[in-house]
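Working notes, beginning with the structure itself.
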There are 4 protein chains.
Amino acid sequence: MSAPRQLPPRVGVWLIGARGSVATTVVAGCAALTAGLRPPTGLVTETPTFARSGLPALSSLVFGGHDTLDCPLPKRAEQLAAGGVLPPGLPAAVEAELAAAEREIRPGGPLPGDTRDEEELIAAFATDLRDFVRRLGLDRAVVVNVASTEPAPTGAALPASSLYAAAALRAGCPYVNFTPSTGLHHPGLAGLAASSGLPYGGRDGKTGQTLLRSVLGPMFAQRALDVRAWSGTNLLGGGDGAALADPAAAAAKNAGKERVLADTLGTVPEGQVHIDDVPALGDWKTAWDHVAFDGFLGTRMVLQTIWQGCDSALAAPLVLDLARLLARAHELGLSGPRPELAFFFKDPVGDAPASLAEQYAELERFARRLSEEDGR
Amino acid sequence: MSAPRQLPPRVGVWLIGARGSVATTVVAGCAALTAGLRPPTGLVTETPTFARSGLPALSSLVFGGHDTLDCPLPKRAEQLAAGGVLPPGLPAAVEAELAAAEREIRPGGPLPGDTRDEEELIAAFATDLRDFVRRLGLDRAVVVNVASTEPAPTGAALPASSLYAAAALRAGCPYVNFTPSTGLHHPGLAGLAASSGLPYGGRDGKTGQTLLRSVLGPMFAQRALDVRAWSGTNLLGGGDGAALADPAAAAAKNAGKERVLADTLGTVPEGQVHIDDVPALGDWKTAWDHVAFDGFLGTRMVLQTIWQGCDSALAAPLVLDLARLLARAHELGLSGPRPELAFFFKDPVGDAPASLAEQYAELERFARRLSEEDGR
Amino acid sequence: MSAPRQLPPRVGVWLIGARGSVATTVVAGCAALTAGLRPPTGLVTETPTFARSGLPALSSLVFGGHDTLDCPLPKRAEQLAAGGVLPPGLPAAVEAELAAAEREIRPGGPLPGDTRDEEELIAAFATDLRDFVRRLGLDRAVVVNVASTEPAPTGAALPASSLYAAAALRAGCPYVNFTPSTGLHHPGLAGLAASSGLPYGGRDGKTGQTLLRSVLGPMFAQRALDVRAWSGTNLLGGGDGAALADPAAAAAKNAGKERVLADTLGTVPEGQVHIDDVPALGDWKTAWDHVAFDGFLGTRMVLQTIWQGCDSALAAPLVLDLARLLARAHELGLSGPRPELAFFFKDPVGDAPASLAEQYAELERFARRLSEEDGR
Amino acid sequence: MSAPRQLPPRVGVWLIGARGSVATTVVAGCAALTAGLRPPTGLVTETPTFARSGLPALSSLVFGGHDTLDCPLPKRAEQLAAGGVLPPGLPAAVEAELAAAEREIRPGGPLPGDTRDEEELIAAFATDLRDFVRRLGLDRAVVVNVASTEPAPTGAALPASSLYAAAALRAGCPYVNFTPSTGLHHPGLAGLAASSGLPYGGRDGKTGQTLLRSVLGPMFAQRALDVRAWSGTNLLGGGDGAALADPAAAAAKNAGKERVLADTLGTVPEGQVHIDDVPALGDWKTAWDHVAFDGFLGTRMVLQTIWQGCDSALAAPLVLDLARLLARAHELGLSGPRPELAFFFKDPVGDAPASLAEQYAELERFARRLSEEDGR
């Protein structure tokens, strides 16, 4: 009698904000890569470094999520293609996969008029998650928050992002917060996170200006150049631009940007960061940075950088990377904050270096560890 | 009977191109720092990492060199102050030190009409060097080439920079080539370098565009972003601008810039590098870089950088760093190519990484090694 | 008995390089505007200034031309849409008009192995033109050169662009050269142009860097600021990038750029202009300009500009503008060089101002004149 | 008996904020030009256009003013030279002229604790002005406000800038407001201005970002390009940076910047303007502008500009220009708002065009008028 054929593990990726630009790009992009329509540009976990880390294959990922909006994923994808975010023709080519993910999207909350209390909302979200895993026969699911940035919370109440995070823990799912929202960073969730035995990542994906700062900051420090002022302006349209035009929401994001400078330079230079909502830019963003620094004998010099990128295209591959890495960490029984993922975040968890190069070295070590643990 | 008081070691720094902008800034700056007039901004070897490495103190450095020009150092310093390269008032404050260095400058060569052959020139330069060390009672001297970039040599004859390099070896002096000129990189000097038992550094100091490329290249590679084209234009005045307007001289410099991209990206992207002589800029340079890269699903994005710096102020502290590090290496008996100094060069020697972060890690290890060897 | 219904005049636009990016965008764009699919952005002649100038309606334009390539216009349009030059979906929406224009494209020349002499080629091209006008019952046709830039001619022989220009004159067609090629600017054609009684425009459309220079140059002059150096780099892919990577072709283009500075500043500043072929940019171009200027008391200041545009989308509306203006001028019997069109050219004909503002004032006067002459 | 020798007219320039950076640069610069130490770069009224306009010679200008600070002009000039705003050595070379102006500076107000009411302050300031003219035997004096920008006034009370403006009118002096402060633009001064019979200029000198906008805005409009968003960030140190970090003060300045766009584009594009106080920049400012525009068929394109200038060096020559022009207008009996000076202002008075080119044409006409009126 032959042994039963071992099915490859199937891993769920549960997206908070499942009908947003980032989530749509994640689902469409994963399908395009699986079908061989596009090379895996931007996907860190498809580089040779991770070849033996035992990560779940892209073809094994199954998508679902929560959202409070109605526009179905296939239509959202068409909108993104019209705006140049997705290649023309791609939405049609992966329509089946978009439709499949669309069927696994459940209503988020709380919506206006919602009378459920925090506990009821968490319970409902956790039920959705467990149902997703059970119904589709998944080995596990990772929850990733890619919803619009919410204002910094003012009272003790849990903001929506934290309700979803609590639901993830309750349903036994590793959690990543790709946005500057509170998520798991709420004092009310600290105990739950510690006792959950689940691995979780940092906060606020590093996709543009802060990515640059995390390599340029160390350069100035290593060369003993004296950064006097670091000023920046971000122009972005899309939902993120509108959300961050709210000063309270921008405050959370800017805190992350400044932390990188303080940590890499060892000092806080002068200068502000602006985030402007410019709807005409659509899903594209432009970040200008102006660094005034002193060199030898106090000579004044300037570095300026201009970064023009598509936010969703920058974020989506990192979301896939994080989901795969946390799924594998969960499979191996790793738990708690994962500072090894600092490479991806403005605001890493645990004790992590601030320079991108050191963060990458940590990630490489993690890739090896994931590989070795496989052989235990 | 008391032991004789041990004099602190005195170390010579012999500058090829001793009356140029970089050399003048080196001498004036070292004096300003020693006198406490300025903080040691830009000087890597004054950071805590090197506190216990046993490097010679700045106050122990003694300057001399070769040059084919006549303008005395104190006057040259006044010119640099008028152009904003040196702080106003500094030349007057350090006039004694400038005059002292001026007295140790010997005629370089070969000048037009010079009938000496290679051997005679090398011998003459080596005699100048030995005389400098003996007369001033120096423990050792390091030779640093900061002369204008020379055209790439076409035949078997040794270019001037290689004659000076040969003289350094013959006089028993560690050697650094801060320019793209040939220097020690001539096949005719390979045997001499190997048998000299002397330590030597790389070629072509990394002070602007290439410095940036050595941190940005790894960033793109680590994020699996596909760099399609990397184009650059450098505007610079001063002697360097004029020298590099010669395509043959620029070729050597550009080769270094492209090597950094190839080594960090693992591929050679499209794009050219231009070096324009713009006398109106004086000693200032502007470097614009335009990086066209593809992200997830082939989305086209762009990073641009603009670096505006003062060439002499960028180079001078690194010259001091290199002289101190090689002097200490020599004191400890280290010999041969020093890949640990790759942090400073476009074109390092030996087996060195191309990413600035890894180069800095190597340098940190070297700092510790210099310290430990002291206790042998 | 009723009077016969007057048919609106139909005007031919004969494009040299009829299957290139610019020509394809001209044909597809005109159809899209006529059909009301897009607003007339970028079309100067659709602004109120020209409302009463009696210009031929966009819907009355009929396209044809010469080309040496084979790729049919509908397919070329699909390629441009894939590269983001045309909006997705547009090629399909205007397929009939693209196919109609494709039917009117005749083989250009001389092709390799072509044994026809200059006279035979001119005669053949002129025959194609007369046939186009007669067969389609056109009132007149304007010839516009939008072919790839050719190297500057070295001998007395007429380059291809001049053969086409001669054919236009022989066939009685107004002529515009939107490229830096020689076209009508050949001494051998001066007599023909003078005796033809036809109106003709300048050379080399002003679509990016030079457009900017024609407004920034006067600003510096009017403010009495002393421009010391004006340096520029252009990155462009597509056919134009490859053609201009040839130094001989670039020389013609750069001459136009420098002429604008000399004419508006009253002096020739330091600085070079580079044109780099960067295929990865496709039909997009980036132009960086660095202007070093002195202000009061010699204070050094800098202006930098970065222009990122789509070459075909910048050129195409101007081609339509020029065709309409010259058709109307022809209708009114105006002849010879038209300096009133200097607004559109790097290298205007006749006695024209260099500042864009003055050129625009001339164009406004021309718009009124075209209107008034109607009532003669 | 010979006729008495006619003394050349002597004209007073009374600076509100007489010890600030701009005022110091005005006084030192005028002396440097008069002495032939520097060419008149940046001085519009020294171009040939104004050669016959009968303007008072630079050597005939006599300086005085009000200020609430104590630092004497010669010392202030030394500070500016240390910061690179004035050439090294200039303060010493013109020390006599600086000291002469210093003697004519009177205490401004109201200072904290000042119990004088509005009428008393105006009367005191007017007395200072009349005393200046009488004591020095001046033909006339022009008052120019170059004090730090004050917050927009909230009530009916006259802000300090308006008290000075009222004093100018009362003392019979033409008035210019080079700052965004209220000055003469207060409803309470409208009647006085109208009845004074004095000529006066606009508000808020156009020295950088807005200067650029006044030439780039018309370019987009003339080319029928659709500007979707125009965003800008200004970094500036010095007193102006600190003053404008106050949102109320910045509001006045930004209003002027946006007006230029609205007037030249005929529409108000998306986008914000930020003014950041960056003390590390000293008297230097950097302005970045990002213009997102649509071309033909909606193709998205971008223009970015970076302006790096020295604020005082940009403002000072224009202050001299305005003083000379208004002095001459006063001499000729011209009165009321002078829209001919719109070339100099973000916020011109009277009915003036918004495009710099048209403003310059108006100024040229004014130059001729000043000349012709001389011959009446």
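Note on naming: chains are A, B, ... as they come in the structure tokens, residues start from 1 per chain, ligands start from 1 in the order shown.
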**OP:** With a cut-off of 10 Å and counting only C-alpha atoms, select all residues of chain D in contact with chain A and give the selection as a ChimeraX atom specification.
**Re:** /D:227-235,269-274,276-281,286,288-290,292-294,300,304,306
Subject >> Near-range 324-337 of chain C list (9 Å; only C-alpha atoms; drop same-chain fewer than 3 positions) as a ChimeraX atom specification >> reply: /C:11-13,45,53-58,61,139-142,173-176,193-202,319-321,340-341,348-350,367,370,373-374
Subject >> Who sits within 12 Å of Gly29 in chain B, only C-alpha atoms, same chain under 4 positions skipped, as an MDAnalysis selection string >> reply: (chainID A and resid 295:299) or (chainID B and resid 21:25 33:43 58:59 61 63 77 85:87 90:91 93:95 97:98 312:320)
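Rounded to one decimal, CA of Ala262 in chain C and CA of Asp351 in chain C lie 15.4 Å from each other.
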**OP:** Name the residues of range 76-225 of chain A that fall into strand (DSSP E or B) according to DSSP on the backbone, using the chain letters and numbers of this document, as a ChimeraX atom specification.
**Re:** /A:105-107,140-145,175-177,199-205
Original post:
Between B:Leu136, B:Leu121, B:Ala165, B:Leu356, which is the closest to Gly217 in chain B once you count only C-alpha atoms?
Top reply: B:Leu356
**OP:** Could you tell me, as a ChimeraX atom specification, which residues of range 123-361 of chain A DSSP assigns to alpha helix (DSSP H) when given the backbone?
**Re:** /A:123-135,160-170,190-196,209-222,238-244,247-265,311-331,356-361
Subject >> All residues 7 Å or closer to range 66-75 of chain A, only C-alpha atoms, same chain fewer than 4 positions away omitted, as number ranges by chain >> reply: A: 15-19, 24, 79, 91, 95, 98-99, 102, 105-109
Any chance you could export the current selection's all heavy atoms as a short mmCIF file (atom, residue, chain, number, x, y, z; two decimals), in the first residue's frame?
```cif
data_model
loop_
_atom_site.label_atom_id
_atom_site.label_comp_id
_atom_site.auth_asym_id
_atom_site.auth_seq_id
_atom_site.Cartn_x
_atom_site.Cartn_y
_atom_site.Cartn_z
N LEU A 15 -5.97 39.83 3.81
CA LEU A 15 -5.61 41.23 3.66
C LEU A 15 -6.66 42.14 4.27
O LEU A 15 -7.83 42.12 3.85
CB LEU A 15 -5.44 41.54 2.16
CG LEU A 15 -4.36 40.69 1.45
CD1 LEU A 15 -4.58 40.68 -0.05
CD2 LEU A 15 -2.98 41.21 1.81
N ILE A 16 -6.26 42.94 5.26
CA ILE A 16 -7.16 43.97 5.78
C ILE A 16 -7.08 45.14 4.80
O ILE A 16 -6.01 45.71 4.59
CB ILE A 16 -6.73 44.43 7.19
CG1 ILE A 16 -6.43 43.23 8.08
CG2 ILE A 16 -7.75 45.37 7.79
CD1 ILE A 16 -7.59 42.32 8.32
N GLY A 17 -8.19 45.49 4.21
CA GLY A 17 -8.19 46.46 3.10
C GLY A 17 -8.06 45.71 1.79
O GLY A 17 -7.29 46.11 0.91
N ALA A 18 -8.83 44.63 1.66
CA ALA A 18 -8.61 43.65 0.60
C ALA A 18 -9.00 44.16 -0.78
O ALA A 18 -8.69 43.53 -1.78
CB ALA A 18 -9.37 42.37 0.91
N ARG A 19 -9.71 45.28 -0.84
CA ARG A 19 -10.09 45.81 -2.15
C ARG A 19 -9.34 47.10 -2.47
O ARG A 19 -9.69 47.82 -3.40
CB ARG A 19 -11.61 46.03 -2.22
CG ARG A 19 -12.42 44.74 -2.15
CD ARG A 19 -13.86 44.97 -2.58
NE ARG A 19 -14.67 43.76 -2.46
CZ ARG A 19 -15.51 43.49 -1.47
NH1 ARG A 19 -15.67 44.35 -0.47
NH2 ARG A 19 -16.20 42.38 -1.46
N THR A 24 -5.09 44.68 -4.27
CA THR A 24 -5.41 44.27 -5.64
C THR A 24 -4.13 43.93 -6.40
O THR A 24 -4.07 42.95 -7.16
CB THR A 24 -6.17 45.40 -6.36
OG1 THR A 24 -7.29 45.78 -5.55
CG2 THR A 24 -6.65 44.95 -7.72
N GLN A 79 -9.38 49.44 -12.98
CA GLN A 79 -9.09 50.84 -12.66
C GLN A 79 -7.58 51.06 -12.53
O GLN A 79 -7.02 52.05 -13.01
CB GLN A 79 -9.77 51.25 -11.35
CG GLN A 79 -11.29 51.30 -11.44
CD GLN A 79 -11.95 51.47 -10.07
OE1 GLN A 79 -11.27 51.38 -9.02
NE2 GLN A 79 -13.26 51.69 -10.05
N PRO A 91 -5.32 42.53 -15.90
CA PRO A 91 -6.56 42.18 -15.20
C PRO A 91 -7.34 41.08 -15.92
O PRO A 91 -7.85 40.15 -15.28
CB PRO A 91 -7.34 43.50 -15.16
CG PRO A 91 -6.27 44.55 -15.18
CD PRO A 91 -5.19 43.99 -16.07
N GLU A 95 -8.17 37.20 -14.36
CA GLU A 95 -9.51 37.48 -13.84
C GLU A 95 -10.01 36.37 -12.92
O GLU A 95 -10.65 36.64 -11.91
CB GLU A 95 -10.48 37.68 -15.01
CG GLU A 95 -11.72 38.43 -14.57
CD GLU A 95 -12.71 38.62 -15.71
OE1 GLU A 95 -12.43 38.18 -16.83
OE2 GLU A 95 -13.78 39.19 -15.43
N LEU A 98 -8.55 36.84 -9.51
CA LEU A 98 -9.15 38.00 -8.85
C LEU A 98 -10.55 37.66 -8.34
O LEU A 98 -10.94 38.00 -7.22
CB LEU A 98 -9.21 39.20 -9.81
CG LEU A 98 -7.85 39.83 -10.17
CD1 LEU A 98 -7.98 40.72 -11.40
CD2 LEU A 98 -7.33 40.65 -8.97
N ALA A 99 -11.29 36.97 -9.16
CA ALA A 99 -12.66 36.60 -8.77
C ALA A 99 -12.63 35.64 -7.58
O ALA A 99 -13.46 35.73 -6.66
CB ALA A 99 -13.39 35.97 -9.95
N GLU A 102 -11.95 37.64 -4.59
CA GLU A 102 -13.13 38.45 -4.30
C GLU A 102 -14.16 37.66 -3.49
O GLU A 102 -14.79 38.19 -2.57
CB GLU A 102 -13.75 38.96 -5.62
CG GLU A 102 -15.08 39.68 -5.49
CD GLU A 102 -14.99 40.97 -4.70
OE1 GLU A 102 -13.91 41.60 -4.68
OE2 GLU A 102 -16.00 41.33 -4.05
N ILE A 105 -13.66 37.75 0.34
CA ILE A 105 -13.61 39.02 1.07
C ILE A 105 -14.89 39.16 1.90
O ILE A 105 -15.99 38.93 1.41
CB ILE A 105 -13.45 40.21 0.10
CG1 ILE A 105 -12.15 40.05 -0.72
CG2 ILE A 105 -13.42 41.53 0.88
CD1 ILE A 105 -11.87 41.17 -1.69
N ARG A 106 -14.71 39.50 3.18
CA ARG A 106 -15.84 39.65 4.10
C ARG A 106 -15.93 41.10 4.54
O ARG A 106 -14.93 41.82 4.53
CB ARG A 106 -15.62 38.75 5.33
CG ARG A 106 -15.53 37.27 5.01
CD ARG A 106 -16.90 36.71 4.55
NE ARG A 106 -16.80 35.35 4.06
CZ ARG A 106 -16.55 35.00 2.80
NH1 ARG A 106 -16.38 35.93 1.87
NH2 ARG A 106 -16.48 33.74 2.46
N PRO A 107 -17.12 41.54 4.94
CA PRO A 107 -17.30 42.95 5.34
C PRO A 107 -16.45 43.30 6.55
O PRO A 107 -16.44 42.57 7.55
CB PRO A 107 -18.79 43.04 5.67
CG PRO A 107 -19.43 41.82 5.10
CD PRO A 107 -18.37 40.76 5.05
N GLY A 108 -15.73 44.40 6.45
CA GLY A 108 -14.95 44.88 7.58
C GLY A 108 -15.80 45.74 8.50
O GLY A 108 -17.02 45.76 8.41
N GLY A 109 -15.12 46.44 9.39
CA GLY A 109 -15.89 47.27 10.31
C GLY A 109 -14.99 48.00 11.27
O GLY A 109 -13.76 47.87 11.19
#
```
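Every protein, DNA or RNA residue with an atom at most 8 Å from Ala166 in chain A, where only C-alpha atoms count and chain neighbours fewer than 5 positions away do not, is listed here: Ile122, Leu184, Leu189 and Leu192 of chain A.
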Original post:
By how many Å are CA of Thr179 in chain C and CA of Asp128 in chain C apart?
Top reply: 21.7 Å
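CA of Asp204 in chain B is positioned 4.5 Å from CA of Phe178 in chain B.
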**OP:** Would you kindly return, as a ChimeraX atom specification, each protein, DNA or RNA residue with an atom no farther than 12 Å from any atom of Arg365 in chain A, considering only C-alpha atoms and excluding same-chain residues fewer than 4 positions away?
**Re:** /A:49-50,53,339-341,358-361,369-372
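Of the listed residues (C:Val62, C:Ala342, C:Leu265, C:Ala96), C:Leu265 comes nearest to Leu216 in chain C; the distances count only C-alpha atoms.
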